[in-house]
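*Asks:* Can you read through this structure? Questions will come right after.
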Amino acid sequence: MSEERKRILDMVASGKITASEAEALLDAVALAQEKSGSSGALVQDQKKGIPKFFRVTVDSKDGDNVDIRIPLSLLKAGIRFSSLMPPAVADKVNDHLSEKGINIDLNNIKKEDIDEILLSLSEMAINVDSGDGDKIRVFCE
Amino acid sequence: MKPPSTIRIRIVEAGKKILSIWLPFFVVWPLAGVLIIAMKVTGKWTVTSEAAPVLIEVLCALKGLAVRVENRQKRTSVVVVFH
């Protein structure tokens with residue numbers, strides 16, 4: 001919860017403003033946050049430390065090198081793409097996911113949830129060094 | 001979000017360049033814009049066409065995608081980069 005919203009709710013609780021006044025104030029705060037969020041989304045992402053790319057590198061002893069860099073914005077766009085799914089199809093996908101033990105409701109994934117996932121990905125790093133000299137790195141940057 | 005302006009594809013086999021091209025992706029965007037306007041004007045903009053903005057968003061998100069695969073021994077490499 002933002003500081004402004006908390007302050008408004010405190011004012012309602014202490015009886016300084018009425019519920020309707022608080023509603024108007026909350027709308028104004030939400031509008032201001034939307035404006036600043038849309039103009040500086042990228043700057044905000046950088047400030048938050050959200051990584052921009054998902055990297056996979058493979059360096060095998062046979063001389064095979066693979067370097068794949070996938071923009072994480074594709075994930076956000078993909079989620080928006082999933083919103084085009086007919087509800088019946090989305091329900092079937094959700095059912096199949098829950099059968100596999102993945103309890104994700106595709107209809108309820110929001111942009112904030114994606115940001116949270118991306119933020120947690122910034123800490124993720126998988127390093128595999130096999131005995132025969134192959135190296136695999138999976139990380140976000 | 002800016003869409004990718006060019007796509008670079010480079011294929012090298014046994015140290016010899018097979019293919020090295022820069023596809024001008026930026027040409028696609030004005031054409032897509034004209035196509036969407038034309039479809040709206042002629043009334044052929046159906047419900048399925050509503051997917052177009054999302055599809056464009058996915059294409060925009062491709063900027064920065066890079067795939068590099070190489071084999072040092074065979075001196076073979078494939079590079080695809082969305083700039």
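Naming scheme: A, B, ... for chains in displayed order of the structure tokens; residues 1 onward per chain; ligands 1 onward as shown.
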Among chain A, which residues carry a DSSP assignment of strand (DSSP E), reported as a PyMOL selection string?
*Replies:* chain A and resi 53-59+64-71+125-129+135-140
*Asks:* Emit the selected residues as an mmCIF file, in the first residue's frame, including N, CA and C atoms.
*Replies:*
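The resulting file, again14.cif, is reproduced below:
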```
data_model
loop_
_atom_site.group_PDB
_atom_site.id
_atom_site.type_symbol
_atom_site.label_atom_id
_atom_site.label_comp_id
_atom_site.auth_asym_id
_atom_site.auth_seq_id
_atom_site.Cartn_x
_atom_site.Cartn_y
_atom_site.Cartn_z
ATOM 1 N N PHE A 53 16.572 -9.255 -19.360
ATOM 2 C CA PHE A 53 16.777 -10.410 -20.242
ATOM 3 C C PHE A 53 16.957 -11.706 -19.463
ATOM 4 N N PHE A 54 16.510 -12.778 -20.075
ATOM 5 C CA PHE A 54 16.726 -14.126 -19.573
ATOM 6 C C PHE A 54 17.827 -14.732 -20.437
ATOM 7 N N ARG A 55 18.927 -15.138 -19.822
ATOM 8 C CA ARG A 55 20.069 -15.626 -20.606
ATOM 9 C C ARG A 55 20.333 -17.102 -20.348
ATOM 10 N N VAL A 56 20.614 -17.813 -21.405
ATOM 11 C CA VAL A 56 21.042 -19.211 -21.296
ATOM 12 C C VAL A 56 22.322 -19.337 -22.102
ATOM 13 N N THR A 57 23.398 -19.755 -21.472
ATOM 14 C CA THR A 57 24.644 -19.974 -22.205
ATOM 15 C C THR A 57 25.124 -21.402 -21.962
ATOM 16 N N VAL A 58 25.535 -22.018 -23.044
ATOM 17 C CA VAL A 58 26.069 -23.379 -22.968
ATOM 18 C C VAL A 58 27.440 -23.364 -23.623
ATOM 19 N N ASP A 59 28.407 -23.868 -22.906
ATOM 20 C CA ASP A 59 29.769 -23.931 -23.442
ATOM 21 C C ASP A 59 30.245 -25.379 -23.276
ATOM 22 N N ASP A 64 30.911 -26.628 -28.919
ATOM 23 C CA ASP A 64 29.588 -26.059 -29.190
ATOM 24 C C ASP A 64 29.311 -24.931 -28.202
ATOM 25 N N ASN A 65 28.935 -23.795 -28.719
ATOM 26 C CA ASN A 65 28.580 -22.653 -27.866
ATOM 27 C C ASN A 65 27.163 -22.215 -28.203
ATOM 28 N N VAL A 66 26.377 -22.035 -27.190
ATOM 29 C CA VAL A 66 25.020 -21.538 -27.403
ATOM 30 C C VAL A 66 24.825 -20.349 -26.469
ATOM 31 N N ASP A 67 24.324 -19.274 -27.005
ATOM 32 C CA ASP A 67 24.059 -18.082 -26.196
ATOM 33 C C ASP A 67 22.689 -17.553 -26.605
ATOM 34 N N ILE A 68 21.736 -17.691 -25.715
ATOM 35 C CA ILE A 68 20.371 -17.250 -26.020
ATOM 36 C C ILE A 68 19.983 -16.148 -25.048
ATOM 37 N N ARG A 69 19.492 -15.044 -25.581
ATOM 38 C CA ARG A 69 19.061 -13.913 -24.753
ATOM 39 C C ARG A 69 17.603 -13.603 -25.095
ATOM 40 N N ILE A 70 16.739 -13.810 -24.134
ATOM 41 C CA ILE A 70 15.305 -13.606 -24.379
ATOM 42 C C ILE A 70 14.815 -12.410 -23.570
ATOM 43 N N PRO A 71 14.239 -11.396 -24.234
ATOM 44 C CA PRO A 71 13.727 -10.246 -23.472
ATOM 45 C C PRO A 71 12.576 -10.686 -22.564
ATOM 46 N N ALA A 125 20.027 -17.779 -10.433
ATOM 47 C CA ALA A 125 21.200 -18.131 -11.245
ATOM 48 C C ALA A 125 21.433 -19.633 -11.134
ATOM 49 N N ILE A 126 21.493 -20.282 -12.262
ATOM 50 C CA ILE A 126 21.760 -21.726 -12.265
ATOM 51 C C ILE A 126 23.084 -21.946 -12.988
ATOM 52 N N ASN A 127 24.026 -22.554 -12.298
ATOM 53 C CA ASN A 127 25.330 -22.848 -12.891
ATOM 54 C C ASN A 127 25.562 -24.347 -12.838
ATOM 55 N N VAL A 128 25.785 -24.920 -13.997
ATOM 56 C CA VAL A 128 26.065 -26.366 -14.049
ATOM 57 C C VAL A 128 27.447 -26.549 -14.665
ATOM 58 N N ASP A 129 28.331 -27.187 -13.932
ATOM 59 C CA ASP A 129 29.657 -27.531 -14.461
ATOM 60 C C ASP A 129 29.761 -29.049 -14.452
ATOM 61 N N LYS A 135 29.686 -26.493 -19.596
ATOM 62 C CA LYS A 135 29.229 -25.466 -18.644
ATOM 63 C C LYS A 135 27.892 -24.902 -19.112
ATOM 64 N N ILE A 136 26.952 -24.850 -18.221
ATOM 65 C CA ILE A 136 25.636 -24.283 -18.549
ATOM 66 C C ILE A 136 25.326 -23.191 -17.531
ATOM 67 N N ARG A 137 24.929 -22.053 -18.030
ATOM 68 C CA ARG A 137 24.577 -20.936 -17.149
ATOM 69 C C ARG A 137 23.169 -20.453 -17.521
ATOM 70 N N VAL A 138 22.338 -20.322 -16.515
ATOM 71 C CA VAL A 138 20.997 -19.763 -16.728
ATOM 72 C C VAL A 138 20.837 -18.629 -15.723
ATOM 73 N N PHE A 139 20.577 -17.440 -16.203
ATOM 74 C CA PHE A 139 20.451 -16.301 -15.296
ATOM 75 C C PHE A 139 19.654 -15.169 -15.964
ATOM 76 N N CYS A 140 19.331 -14.162 -15.178
ATOM 77 C CA CYS A 140 18.646 -12.982 -15.711
ATOM 78 C C CYS A 140 19.549 -11.776 -15.537
#
```
*Asks:* Specify as a list in words all residues of chain B found within 7 Å of chain A, counting only C-alpha atoms.
*Replies:* Val54, Glu57, Val58, Ala61, Leu62, Gly64, Leu65, Ala66, Val67, Arg68, Val69, Glu70, Asn71, Arg72 and Gln73 of chain B
*Asks:* Mind dumping the selected residues with all heavy atoms as a CSV table (one decimal), in the first residue's frame?
*Replies:*
```
chain,number,residue,atom,x,y,z
B,54,VAL,N,-2.3,-6.9,-29.7
B,54,VAL,CA,-1.6,-7.8,-28.8
B,54,VAL,C,-0.4,-8.4,-29.6
B,54,VAL,O,0.7,-8.6,-29.0
B,54,VAL,CB,-2.5,-8.8,-28.2
B,54,VAL,CG1,-1.7,-9.7,-27.2
B,54,VAL,CG2,-3.7,-8.2,-27.5
B,57,GLU,N,2.2,-6.1,-29.9
B,57,GLU,CA,3.0,-5.9,-28.6
B,57,GLU,C,4.0,-7.1,-28.5
B,57,GLU,O,5.1,-6.8,-28.0
B,57,GLU,CB,1.9,-6.0,-27.5
B,57,GLU,CG,2.5,-5.5,-26.2
B,57,GLU,CD,1.5,-5.5,-25.0
B,57,GLU,OE1,0.4,-5.2,-25.3
B,57,GLU,OE2,1.9,-5.9,-23.9
B,58,VAL,N,3.6,-8.3,-28.9
B,58,VAL,CA,4.5,-9.4,-28.8
B,58,VAL,C,5.7,-9.2,-29.7
B,58,VAL,O,6.8,-9.4,-29.3
B,58,VAL,CB,3.8,-10.7,-29.2
B,58,VAL,CG1,4.8,-11.9,-29.3
B,58,VAL,CG2,2.7,-11.1,-28.1
B,61,ALA,N,8.0,-6.8,-28.2
B,61,ALA,CA,8.8,-7.4,-27.1
B,61,ALA,C,10.0,-8.2,-27.6
B,61,ALA,O,10.8,-8.6,-26.8
B,61,ALA,CB,7.8,-8.2,-26.3
B,62,LEU,N,10.0,-8.5,-28.9
B,62,LEU,CA,11.0,-9.3,-29.5
B,62,LEU,C,12.4,-8.6,-29.6
B,62,LEU,O,13.4,-9.2,-29.7
B,62,LEU,CB,10.7,-9.8,-30.9
B,62,LEU,CG,9.7,-11.0,-30.9
B,62,LEU,CD1,9.3,-11.2,-32.4
B,62,LEU,CD2,10.3,-12.2,-30.3
B,64,GLY,N,15.7,-7.2,-28.9
B,64,GLY,CA,16.7,-7.6,-28.0
B,64,GLY,C,16.9,-9.1,-28.0
B,64,GLY,O,17.9,-9.6,-27.4
B,65,LEU,N,16.0,-9.8,-28.6
B,65,LEU,CA,16.1,-11.3,-28.7
B,65,LEU,C,17.3,-11.7,-29.5
B,65,LEU,O,17.5,-11.2,-30.6
B,65,LEU,CB,14.8,-11.9,-29.3
B,65,LEU,CG,14.8,-13.4,-29.5
B,65,LEU,CD1,14.7,-14.1,-28.1
B,65,LEU,CD2,13.7,-13.9,-30.4
B,66,ALA,N,18.2,-12.5,-28.9
B,66,ALA,CA,19.4,-12.9,-29.7
B,66,ALA,C,19.7,-14.4,-29.5
B,66,ALA,O,19.6,-14.9,-28.3
B,66,ALA,CB,20.6,-12.1,-29.2
B,67,VAL,N,19.9,-15.1,-30.5
B,67,VAL,CA,20.3,-16.5,-30.5
B,67,VAL,C,21.6,-16.7,-31.2
B,67,VAL,O,21.7,-16.3,-32.4
B,67,VAL,CB,19.2,-17.4,-31.1
B,67,VAL,CG1,19.5,-18.8,-31.1
B,67,VAL,CG2,17.8,-17.2,-30.4
B,68,ARG,N,22.6,-17.2,-30.5
B,68,ARG,CA,23.9,-17.4,-31.2
B,68,ARG,C,24.3,-18.9,-30.9
B,68,ARG,O,24.3,-19.3,-29.7
B,68,ARG,CB,24.9,-16.5,-30.6
B,68,ARG,CG,24.8,-15.1,-30.9
B,68,ARG,CD,26.0,-14.3,-30.4
B,68,ARG,NE,25.8,-12.9,-30.8
B,68,ARG,CZ,25.1,-12.0,-30.1
B,68,ARG,NH1,24.5,-12.3,-29.1
B,68,ARG,NH2,25.0,-10.7,-30.6
B,69,VAL,N,24.4,-19.6,-32.0
B,69,VAL,CA,24.9,-21.0,-31.8
B,69,VAL,C,26.1,-21.2,-32.7
B,69,VAL,O,26.1,-20.8,-33.9
B,69,VAL,CB,23.8,-22.0,-32.3
B,69,VAL,CG1,24.2,-23.4,-32.2
B,69,VAL,CG2,22.5,-21.7,-31.6
B,70,GLU,N,27.2,-21.7,-32.1
B,70,GLU,CA,28.4,-21.9,-32.9
B,70,GLU,C,29.1,-23.2,-32.5
B,70,GLU,O,29.0,-23.7,-31.4
B,70,GLU,CB,29.3,-20.7,-32.8
B,70,GLU,CG,29.9,-20.5,-31.5
B,70,GLU,CD,31.0,-19.5,-31.5
B,70,GLU,OE1,31.6,-19.2,-32.5
B,70,GLU,OE2,31.3,-19.0,-30.4
B,71,ASN,N,29.8,-23.7,-33.5
B,71,ASN,CA,30.7,-24.9,-33.2
B,71,ASN,C,32.1,-24.5,-33.7
B,71,ASN,O,32.3,-24.3,-34.9
B,71,ASN,CB,30.2,-26.1,-34.0
B,71,ASN,CG,31.0,-27.4,-33.7
B,71,ASN,OD1,32.2,-27.4,-33.9
B,71,ASN,ND2,30.3,-28.3,-33.0
B,72,ARG,N,32.9,-24.4,-32.7
B,72,ARG,CA,34.3,-23.9,-33.0
B,72,ARG,C,35.1,-24.9,-33.9
B,72,ARG,O,35.8,-24.5,-34.8
B,72,ARG,CB,35.1,-23.7,-31.7
B,72,ARG,CG,34.6,-22.4,-31.0
B,72,ARG,CD,35.6,-22.0,-29.9
B,72,ARG,NE,35.6,-23.1,-28.8
B,72,ARG,CZ,34.9,-23.0,-27.7
B,72,ARG,NH1,34.1,-22.0,-27.5
B,72,ARG,NH2,35.0,-24.0,-26.8
B,73,GLN,N,34.9,-26.2,-33.6
B,73,GLN,CA,35.6,-27.2,-34.4
B,73,GLN,C,35.2,-27.2,-35.9
B,73,GLN,O,36.1,-27.2,-36.8
B,73,GLN,CB,35.4,-28.6,-33.8
B,73,GLN,CG,36.1,-28.8,-32.5
B,73,GLN,CD,35.8,-30.1,-31.8
B,73,GLN,OE1,34.9,-30.8,-32.2
B,73,GLN,NE2,36.5,-30.3,-30.7
```
*Asks:* Mind giving me the straight-line distance from atom CA of B:Val81 to atom CA of B:Leu23 in Å, one decimal?
*Replies:*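 Straight-line distance from atom CA of B:Val81 to atom CA of B:Leu23 works out to 10.3 Å.
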*Asks:* Could you check which of B:Ser5, B:Glu13, B:Met39, B:Lys44 is closest to B:Val27, using only C-alpha atoms?
*Replies:*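 Selected residue with least distance to B:Val27: B:Ser5.
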*Asks:* Nearest to B:Leu55 among B:Leu31, B:Pro3, B:Arg75, B:Phe26, with distances taken over only C-alpha atoms: which residue is it?
*Replies:*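 Counting only C-alpha atoms, the residue closest to B:Leu55 is B:Pro3.
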